[in-house]
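> I have a structure I would like to understand better, so I am pasting it below and will then ask my questions one at a time.
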Number of protein chains: 2
Amino acid sequence: MEALVALARVDMAAVDALIIDRMQSPVPVIPLLAEHIIAAGGKRLRPLLTIAAARAATAAFADVDLANPVKLAASVEFIHTATLLHDDVVDGSERRRGKVAAHLIWGSATSVLVGDFLFARAFELMVETGQLRALGILAQASSVIAQGEVLQLTRAHDLNLDQETYLRIISAKTAELFAAAAEAGAVGIGADEKTTSAVRSFGLNLGLAFQLADDALDYGGSSEALGKNTGDDFRERKLTLPVIKAVQRATPAERAFWQRVIEKGDQRDGDLEEAIAILARHGAVEAARAESLRWAGQAKRALDNLPVHPLRAMLFELVDFVIDRVL
Amino acid sequence: MEALVALARVDMAAVDALIIDRMQSPVPVIPLLAEHIIAAGGKRLRPLLTIAAARAATAAFADVDLANPVKLAASVEFIHTATLLHDDVVDGSERRRGKVAAHLIWGSATSVLVGDFLFARAFELMVETGQLRALGILAQASSVIAQGEVLQLTRAHDLNLDQETYLRIISAKTAELFAAAAEAGAVGIGADEKTTSAVRSFGLNLGLAFQLADDALDYGGSSEALGKNTGDDFRERKLTLPVIKAVQRATPAERAFWQRVIEKGDQRDGDLEEAIAILARHGAVEAARAESLRWAGQAKRALDNLPVHPLRAMLFELVDFVIDRVL
């Protein structure tokens, strides 16, 4: 991971500079709010995928012009940030990237509109690349993401949600942008179809592994590792994979518990601890971890179709880094 | 106006069919909500501008291939609909196009996300045209709109808002999409720069005339003509041009009234009637109407730079139609 970050340092610094430059506006609250969420950091995992895919498609240390992948990477981060802003309004989340969620500071209305602004800015940046195919990939990803979000909303607090539907939701909501970020990077550098398809598959599987790792961590990690509070998913009554697994294996008394805390939202002191105990009883967090590892393995296998050079090993290690948060 | 609608009937039917086709999704609530707001009608003024600009740039009755302008027109309506959905959430509006606002039926979260979906779909459609310049025009318009919305939000209920700032807001919020819709239509058919610039100017000025007509109508029209309730702007405590004019001319007692109902939002029975009486005392609605007519005149003058053919006269009459709602 460190090798990858070192390799991409110059490119990622260019991405960050472009992000700062393009989130500016004569309307002062816009850069203020945007900086609150963007400058808070985050892992920049998605734009890193764009840059890494572009480099992997050529040669790791070759002197290629990454101007377009840099623009596409910044666009990816803008799209991601826009969805975070809208998500936090939709879910009523209180924290994001270790800070108070923007809508609690500037209000839901401003958060929605600044999200719209960043989304539009993403497309302005993509137009500058002149790369219509990359633009199409990220436009389609954006509509897939929105559909995934709505699907999740219509099944919110629904204990009958099964694993297959849940994977469909997170594939759209989360993994699609990982896939599109990588694919756009390869397309942006003019990669061949085999390489483009390989990095897309890598991104998609990595995205699923990432989300499932996140799900497991929310019931087992520390709030520093996650950048949000442990138990957030529980408090927001989200059906994530650990809970889906536990509901499938529930005794009648446990089912009544999940109905009260998730379906009805009647949560009391000690309920999170009780939920964690039930999950442990059924090995539900471990099952989610195992599922995460399964997709991580798929991501690694997708790398077999990339040209052999040092970046391939770095991407292999990137998967472990994402999974590291789980083990 | 009738002549224009008749001329554009086939093209606009194609736009409508494309809109219906592309608002579909396997997630059932998405087409349901989208149909509620899109099929409710609305004037389709913006996509009509795209089609009319494309036709005006060639010859009114020539047998040109409008496949791309039709796609751009549908994109324009999707962008417009997305902003309406987000606007109604942001403003807490209760009615839209003569129907209950979508967020009151499906909730704010779904409205925000379906707006995001339609926005993404707009860009997917634009990518299909392969016309990067048209795409850039509408991407830029989208970011200008969002900035205008945020600017308006930061000055909400602010009695110190002056006419110049207000015109800047509605130029970004409303007129920019009229301008971009027309410009994209001309670019989409490969028009020369003079024509492209003329239809953009026509759209921008028409958009300003349209919004100011709307402002005046909200204090003087019937709810059928407007498709929303008379007095909506008042109830939502919006500073529109009639109120801005009246505040500038207010007696101390009147200023106290505006402070109570707009700044503090303390509204009681009979306040709307009182507001209308104060506006009448200062000729404030008439002043807004005059301002609307001024921009309408500019729109008409922009037509001088178009090729001479029947469509030019039709666009001239379109301005009168928009203003008709005022006179």
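By order in the structure tokens, chains are A, B, ...; within a chain, residues start at 1; ligands start at 1, following the order shown.
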Tell me which protein, DNA and RNA residues are within 10 Å of region 46-50 of chain B, counting only C-alpha atoms, leaving out same-chain ones fewer than 3 positions away, and put them as an NGL selection string.
:B and (4-5 or 8-9 or 11-12 or 15-16 or 43 or 53-56 or 69-78 or 80 or 177-188 or 199-200 or 202-203 or 207 or 315 or 318)
> What does chain A look like once superposed on chain B, all Cα atoms paired in sequence order, least squares? Give it as a compact mmCIF listing (two decimals) with C-alpha atoms, in the first residue's frame.

# COMPACT_ATOMS: atom_id res chain seq x y z
CA MET A 1 -47.53 30.03 -30.07
CA GLU A 2 -49.98 27.56 -31.59
CA ALA A 3 -48.06 27.64 -34.87
CA LEU A 4 -44.84 26.88 -33.02
CA VAL A 5 -46.40 24.04 -31.07
CA ALA A 6 -47.90 22.63 -34.27
CA LEU A 7 -44.57 22.87 -36.05
CA ALA A 8 -42.78 21.18 -33.17
CA ARG A 9 -45.51 18.63 -32.47
CA VAL A 10 -43.75 15.65 -34.03
CA ASP A 11 -40.39 16.56 -32.48
CA MET A 12 -41.92 17.17 -29.05
CA ALA A 13 -43.78 13.86 -29.22
CA ALA A 14 -40.39 12.22 -29.82
CA VAL A 15 -38.99 14.11 -26.82
CA ASP A 16 -41.87 12.93 -24.63
CA ALA A 17 -41.48 9.33 -25.77
CA LEU A 18 -37.77 9.46 -25.00
CA ILE A 19 -38.42 10.96 -21.57
CA ILE A 20 -40.85 8.16 -20.71
CA ASP A 21 -38.43 5.53 -22.02
CA ARG A 22 -35.43 6.81 -20.08
CA MET A 23 -37.10 7.44 -16.74
CA GLN A 24 -37.72 3.69 -16.42
CA SER A 25 -35.85 1.64 -13.79
CA PRO A 26 -36.16 -1.82 -12.22
CA VAL A 27 -36.69 0.04 -8.93
CA PRO A 28 -40.48 0.64 -9.15
CA VAL A 29 -40.72 3.84 -7.12
CA ILE A 30 -38.42 5.66 -9.56
CA PRO A 31 -40.70 5.66 -12.64
CA LEU A 32 -43.67 6.13 -10.31
CA LEU A 33 -42.30 9.32 -8.79
CA ALA A 34 -40.82 10.50 -12.09
CA GLU A 35 -44.13 10.03 -13.86
CA HIS A 36 -45.97 11.92 -11.13
CA ILE A 37 -43.94 15.05 -11.82
CA ILE A 38 -43.05 14.64 -15.52
CA ALA A 39 -46.37 13.34 -16.82
CA ALA A 40 -48.14 16.07 -14.84
CA GLY A 41 -47.21 18.07 -17.88
CA GLY A 42 -45.66 21.38 -17.23
CA LYS A 43 -45.21 23.55 -20.25
CA ARG A 44 -42.15 21.71 -21.66
CA LEU A 45 -40.94 25.22 -22.42
CA ARG A 46 -37.24 24.37 -22.05
CA PRO A 47 -37.14 21.32 -24.36
CA LEU A 48 -39.32 23.28 -26.81
CA LEU A 49 -36.58 25.92 -26.83
CA THR A 50 -34.01 23.25 -27.70
CA ILE A 51 -36.10 21.96 -30.59
CA ALA A 52 -37.05 25.45 -31.81
CA ALA A 53 -33.41 26.60 -31.68
CA ALA A 54 -32.33 23.58 -33.72
CA ARG A 55 -35.04 24.25 -36.31
CA ALA A 56 -34.37 27.99 -36.35
CA ALA A 57 -30.70 27.29 -37.01
CA THR A 58 -31.55 25.36 -40.16
CA ALA A 59 -34.79 26.06 -41.97
CA ALA A 60 -38.14 25.91 -40.27
CA PHE A 61 -39.65 23.22 -42.44
CA ALA A 62 -36.51 21.58 -43.79
CA ASP A 63 -36.15 17.84 -43.53
CA VAL A 64 -33.30 17.79 -40.99
CA ASP A 65 -32.38 14.95 -38.67
CA LEU A 66 -33.34 16.11 -35.19
CA ALA A 67 -32.29 12.90 -33.40
CA ASN A 68 -29.61 14.71 -31.40
CA PRO A 69 -31.61 17.82 -30.53
CA VAL A 70 -34.42 15.49 -29.40
CA LYS A 71 -31.99 13.75 -27.02
CA LEU A 72 -30.65 17.07 -25.79
CA ALA A 73 -34.22 18.35 -25.28
CA ALA A 74 -35.08 15.30 -23.15
CA SER A 75 -31.86 15.86 -21.18
CA VAL A 76 -32.87 19.47 -20.55
CA GLU A 77 -36.25 18.35 -19.20
CA PHE A 78 -34.55 15.75 -16.96
CA ILE A 79 -32.20 18.40 -15.55
CA HIS A 80 -35.14 20.74 -15.02
CA THR A 81 -37.18 18.03 -13.30
CA ALA A 82 -34.25 17.09 -11.06
CA THR A 83 -33.91 20.70 -9.91
CA LEU A 84 -37.68 20.93 -9.30
CA LEU A 85 -37.58 17.82 -7.11
CA HIS A 86 -34.63 19.16 -5.10
CA ASP A 87 -36.13 22.67 -4.95
CA ASP A 88 -39.41 21.45 -3.54
CA VAL A 89 -37.54 19.55 -0.81
CA VAL A 90 -35.34 22.58 -0.08
CA ASP A 91 -38.28 25.02 -0.01
CA GLY A 92 -40.76 22.63 1.57
CA SER A 93 -43.20 23.46 -1.24
CA GLU A 94 -46.55 21.73 -1.08
CA ARG A 95 -47.66 21.82 -4.69
CA ARG A 96 -46.02 21.46 -8.11
CA ARG A 97 -47.64 21.56 -11.53
CA GLY A 98 -51.08 21.52 -9.96
CA LYS A 99 -50.37 18.32 -8.01
CA VAL A 100 -49.18 17.49 -4.51
CA ALA A 101 -45.36 17.84 -4.39
CA ALA A 102 -43.58 14.47 -4.73
CA HIS A 103 -41.73 14.74 -1.41
CA LEU A 104 -45.04 14.89 0.45
CA ILE A 105 -46.03 11.54 -1.12
CA TRP A 106 -42.75 9.60 -1.25
CA GLY A 107 -40.66 11.53 1.29
CA SER A 108 -37.76 13.93 0.95
CA ALA A 109 -35.12 11.20 0.74
CA THR A 110 -36.69 9.51 -2.28
CA SER A 111 -37.28 12.87 -3.98
CA VAL A 112 -33.61 13.82 -3.56
CA LEU A 113 -32.40 10.46 -4.90
CA VAL A 114 -34.80 10.32 -7.85
CA GLY A 115 -33.61 13.84 -8.70
CA ASP A 116 -30.05 12.49 -8.69
CA PHE A 117 -31.14 9.63 -10.93
CA LEU A 118 -32.77 11.94 -13.49
CA PHE A 119 -29.72 14.20 -13.46
CA ALA A 120 -27.44 11.22 -14.17
CA ARG A 121 -29.82 9.98 -16.88
CA ALA A 122 -29.62 13.41 -18.54
CA PHE A 123 -25.87 13.00 -18.88
CA GLU A 124 -26.19 9.43 -20.15
CA LEU A 125 -28.51 10.72 -22.89
CA MET A 126 -26.14 13.54 -23.78
CA VAL A 127 -23.26 11.10 -24.09
CA GLU A 128 -25.31 9.22 -26.70
CA THR A 129 -25.35 12.29 -28.93
CA GLY A 130 -21.55 12.29 -29.02
CA GLN A 131 -21.74 16.08 -28.88
CA LEU A 132 -19.25 17.11 -26.27
CA ARG A 133 -19.84 20.83 -26.73
CA ALA A 134 -23.58 20.52 -26.07
CA LEU A 135 -22.76 18.37 -23.06
CA GLY A 136 -20.37 21.01 -21.75
CA ILE A 137 -23.04 23.71 -22.13
CA LEU A 138 -25.54 21.74 -20.05
CA ALA A 139 -22.94 20.64 -17.47
CA GLN A 140 -21.95 24.25 -16.93
CA ALA A 141 -25.57 25.33 -16.74
CA SER A 142 -26.13 22.70 -14.05
CA SER A 143 -23.34 24.06 -11.88
CA VAL A 144 -24.52 27.65 -12.42
CA ILE A 145 -28.06 26.62 -11.37
CA ALA A 146 -26.81 24.96 -8.17
CA GLN A 147 -24.75 28.03 -7.28
CA GLY A 148 -27.79 30.27 -7.88
CA GLU A 149 -29.88 28.07 -5.62
CA VAL A 150 -27.32 28.21 -2.83
CA LEU A 151 -26.95 31.98 -3.20
CA GLN A 152 -30.73 32.35 -2.92
CA LEU A 153 -30.75 30.11 0.15
CA THR A 154 -28.07 32.17 1.90
CA ARG A 155 -30.15 35.33 1.30
CA ALA A 156 -33.51 33.71 2.16
CA HIS A 157 -35.87 35.96 4.15
CA ASP A 158 -33.26 38.74 3.97
CA LEU A 159 -35.06 42.09 3.52
CA ASN A 160 -31.79 43.74 2.47
CA LEU A 161 -31.69 41.74 -0.76
CA ASP A 162 -31.47 44.28 -3.60
CA GLN A 163 -32.79 44.05 -7.14
CA GLU A 164 -29.33 43.56 -8.67
CA THR A 165 -28.53 40.54 -6.51
CA TYR A 166 -32.01 39.16 -7.08
CA LEU A 167 -31.56 39.38 -10.85
CA ARG A 168 -28.21 37.62 -10.45
CA ILE A 169 -29.97 34.82 -8.54
CA ILE A 170 -32.78 34.25 -11.04
CA SER A 171 -30.38 34.61 -13.93
CA ALA A 172 -28.47 31.62 -12.51
CA LYS A 173 -31.43 29.67 -11.11
CA THR A 174 -33.86 30.03 -13.99
CA ALA A 175 -32.61 31.90 -17.04
CA GLU A 176 -29.36 29.93 -17.41
CA LEU A 177 -31.23 26.72 -18.25
CA PHE A 178 -33.39 28.55 -20.82
CA ALA A 179 -30.17 29.90 -22.37
CA ALA A 180 -28.39 26.54 -22.30
CA ALA A 181 -31.45 24.70 -23.65
CA ALA A 182 -31.56 26.94 -26.71
CA GLU A 183 -27.78 27.01 -27.16
CA ALA A 184 -27.52 23.22 -26.96
CA GLY A 185 -30.21 22.88 -29.61
CA ALA A 186 -28.30 25.13 -32.01
CA VAL A 187 -24.97 23.44 -31.26
CA GLY A 188 -26.63 20.04 -31.61
CA ILE A 189 -27.56 20.81 -35.20
CA GLY A 190 -24.19 22.35 -36.05
CA ALA A 191 -25.33 25.98 -36.23
CA ASP A 192 -22.86 28.81 -36.87
CA GLU A 193 -21.60 30.96 -33.99
CA LYS A 194 -23.82 33.96 -34.78
CA THR A 195 -26.98 31.85 -34.64
CA THR A 196 -25.80 29.95 -31.55
CA SER A 197 -25.09 33.17 -29.72
CA ALA A 198 -28.44 34.67 -30.80
CA VAL A 199 -30.53 31.75 -29.51
CA ARG A 200 -28.55 31.71 -26.25
CA SER A 201 -29.29 35.40 -25.74
CA PHE A 202 -32.93 34.80 -26.65
CA GLY A 203 -33.16 32.01 -24.06
CA LEU A 204 -31.45 33.98 -21.30
CA ASN A 205 -33.67 37.06 -21.70
CA LEU A 206 -36.79 34.95 -22.11
CA GLY A 207 -35.88 33.10 -18.89
CA LEU A 208 -35.60 36.35 -16.95
CA ALA A 209 -38.90 37.62 -18.41
CA PHE A 210 -40.50 34.28 -17.52
CA GLN A 211 -39.35 34.30 -13.89
CA LEU A 212 -40.34 37.92 -13.30
CA ALA A 213 -43.74 37.21 -14.86
CA ASP A 214 -44.04 34.28 -12.46
CA ASP A 215 -43.15 36.53 -9.52
CA ALA A 216 -45.83 39.06 -10.48
CA LEU A 217 -48.41 36.35 -11.10
CA ASP A 218 -47.86 34.85 -7.65
CA TYR A 219 -49.41 37.99 -6.17
CA GLY A 220 -52.07 38.49 -8.80
CA GLY A 221 -52.99 35.37 -10.77
CA SER A 222 -55.30 32.46 -10.27
CA SER A 223 -53.92 29.16 -9.08
CA GLU A 224 -54.98 27.41 -12.32
CA ALA A 225 -52.84 29.72 -14.48
CA LEU A 226 -49.83 29.17 -12.27
CA GLY A 227 -50.18 25.47 -11.50
CA LYS A 228 -49.45 26.31 -7.90
CA ASN A 229 -51.24 28.33 -5.23
CA THR A 230 -51.40 32.11 -5.40
CA GLY A 231 -49.40 33.44 -2.49
CA ASP A 232 -47.02 30.47 -2.43
CA ASP A 233 -44.02 32.80 -2.59
CA PHE A 234 -45.48 34.79 0.31
CA ARG A 235 -46.13 31.72 2.44
CA GLU A 236 -42.63 30.41 1.68
CA ARG A 237 -41.30 33.86 2.71
CA LYS A 238 -39.56 34.38 -0.63
CA LEU A 239 -38.05 37.72 -1.52
CA THR A 240 -39.26 38.09 -5.11
CA LEU A 241 -39.15 41.31 -7.12
CA PRO A 242 -42.58 42.67 -6.08
CA VAL A 243 -41.63 42.38 -2.40
CA ILE A 244 -38.12 43.78 -3.00
CA LYS A 245 -39.72 46.81 -4.71
CA ALA A 246 -42.25 47.24 -1.89
CA VAL A 247 -39.59 46.95 0.83
CA GLN A 248 -37.56 49.68 -0.89
CA ARG A 249 -40.58 51.97 -0.80
CA ALA A 250 -41.90 50.90 2.60
CA THR A 251 -43.16 53.21 5.37
CA PRO A 252 -41.86 52.31 8.85
CA ALA A 253 -45.11 50.46 9.60
CA GLU A 254 -44.90 48.50 6.34
CA ARG A 255 -41.28 47.63 7.02
CA ALA A 256 -42.33 46.24 10.40
CA PHE A 257 -44.97 44.17 8.57
CA TRP A 258 -42.42 42.70 6.14
CA GLN A 259 -40.03 42.00 9.02
CA ARG A 260 -42.72 40.07 10.84
CA VAL A 261 -44.05 38.03 7.90
CA ILE A 262 -40.87 37.50 5.83
CA GLU A 263 -37.92 37.79 8.20
CA LYS A 264 -39.51 36.23 11.28
CA GLY A 265 -42.04 34.14 9.39
CA ASP A 266 -44.80 35.05 11.84
CA GLN A 267 -47.76 34.94 9.44
CA ARG A 268 -51.41 35.27 10.47
CA ASP A 269 -54.82 35.16 8.78
CA GLY A 270 -55.27 38.13 6.45
CA ASP A 271 -51.52 38.75 6.02
CA LEU A 272 -51.50 37.72 2.34
CA GLU A 273 -54.33 40.17 1.64
CA GLU A 274 -52.44 42.87 3.56
CA ALA A 275 -49.28 42.13 1.56
CA ILE A 276 -51.20 42.40 -1.72
CA ALA A 277 -52.67 45.74 -0.56
CA ILE A 278 -49.20 47.09 0.31
CA LEU A 279 -47.81 45.90 -3.04
CA ALA A 280 -50.71 47.66 -4.81
CA ARG A 281 -50.07 50.89 -2.86
CA HIS A 282 -46.53 51.05 -4.27
CA GLY A 283 -47.28 49.67 -7.72
CA ALA A 284 -44.81 46.90 -6.87
CA VAL A 285 -46.44 44.15 -8.93
CA GLU A 286 -46.70 46.55 -11.90
CA ALA A 287 -43.00 47.39 -11.47
CA ALA A 288 -42.14 43.68 -11.62
CA ARG A 289 -44.36 43.33 -14.69
CA ALA A 290 -42.56 46.23 -16.35
CA GLU A 291 -39.22 44.59 -15.57
CA SER A 292 -40.50 41.36 -17.12
CA LEU A 293 -41.53 43.23 -20.27
CA ARG A 294 -38.11 44.87 -20.49
CA TRP A 295 -36.35 41.47 -20.66
CA ALA A 296 -39.03 40.21 -23.05
CA GLY A 297 -38.10 43.06 -25.36
CA GLN A 298 -34.43 42.07 -25.15
CA ALA A 299 -35.38 38.50 -26.04
CA LYS A 300 -37.25 39.72 -29.12
CA ARG A 301 -34.32 41.87 -30.20
CA ALA A 302 -31.98 38.86 -29.97
CA LEU A 303 -34.07 37.26 -32.73
CA ASP A 304 -32.82 39.90 -35.21
CA ASN A 305 -29.64 37.86 -35.50
CA LEU A 306 -31.44 34.72 -36.65
CA PRO A 307 -31.96 33.70 -40.30
CA VAL A 308 -35.24 35.07 -41.66
CA HIS A 309 -37.88 32.36 -41.79
CA PRO A 310 -41.29 31.63 -40.25
CA LEU A 311 -39.82 30.20 -37.05
CA ARG A 312 -38.43 33.60 -36.14
CA ALA A 313 -41.91 35.08 -36.00
CA MET A 314 -43.06 32.08 -33.97
CA LEU A 315 -40.33 32.64 -31.38
CA PHE A 316 -41.35 36.30 -31.28
CA GLU A 317 -44.86 35.17 -30.41
CA LEU A 318 -43.53 32.69 -27.85
CA VAL A 319 -42.23 35.68 -25.88
CA ASP A 320 -45.70 37.20 -25.94
CA PHE A 321 -47.16 33.91 -24.77
CA VAL A 322 -44.85 33.88 -21.76
CA ILE A 323 -45.69 37.51 -21.04
CA ASP A 324 -49.39 36.91 -21.69
CA ARG A 325 -49.57 35.27 -18.32
CA VAL A 326 -48.65 38.70 -16.93
CA LEU A 327 -50.77 41.16 -18.90
> For the alpha helix (DSSP H) assignment from backbone DSSP, which residues of region 20-266 of chain B qualify? Please present them as JSON, numbers by chain.
{"B": [20, 21, 22, 29, 30, 31, 32, 33, 34, 35, 36, 37, 38, 45, 46, 47, 48, 49, 50, 51, 52, 53, 54, 55, 56, 57, 67, 68, 69, 70, 71, 72, 73, 74, 75, 76, 77, 78, 79, 80, 81, 82, 83, 84, 85, 86, 87, 88, 89, 90, 91, 102, 103, 104, 105, 106, 108, 109, 110, 111, 112, 113, 114, 115, 116, 117, 118, 119, 120, 121, 122, 123, 124, 125, 126, 127, 128, 129, 132, 133, 134, 135, 136, 137, 138, 139, 140, 141, 142, 143, 144, 145, 146, 147, 148, 149, 150, 151, 152, 153, 154, 163, 164, 165, 166, 167, 168, 169, 170, 176, 177, 178, 179, 180, 181, 182, 183, 184, 185, 186, 187, 188, 193, 194, 195, 196, 197, 198, 199, 200, 201, 202, 203, 204, 205, 206, 207, 208, 209, 210, 211, 212, 213, 214, 215, 216, 217, 223, 224, 225, 226, 232, 233, 234, 235, 241, 242, 243, 244, 245, 246, 247, 248, 252, 253, 254, 255, 256, 257, 258]}
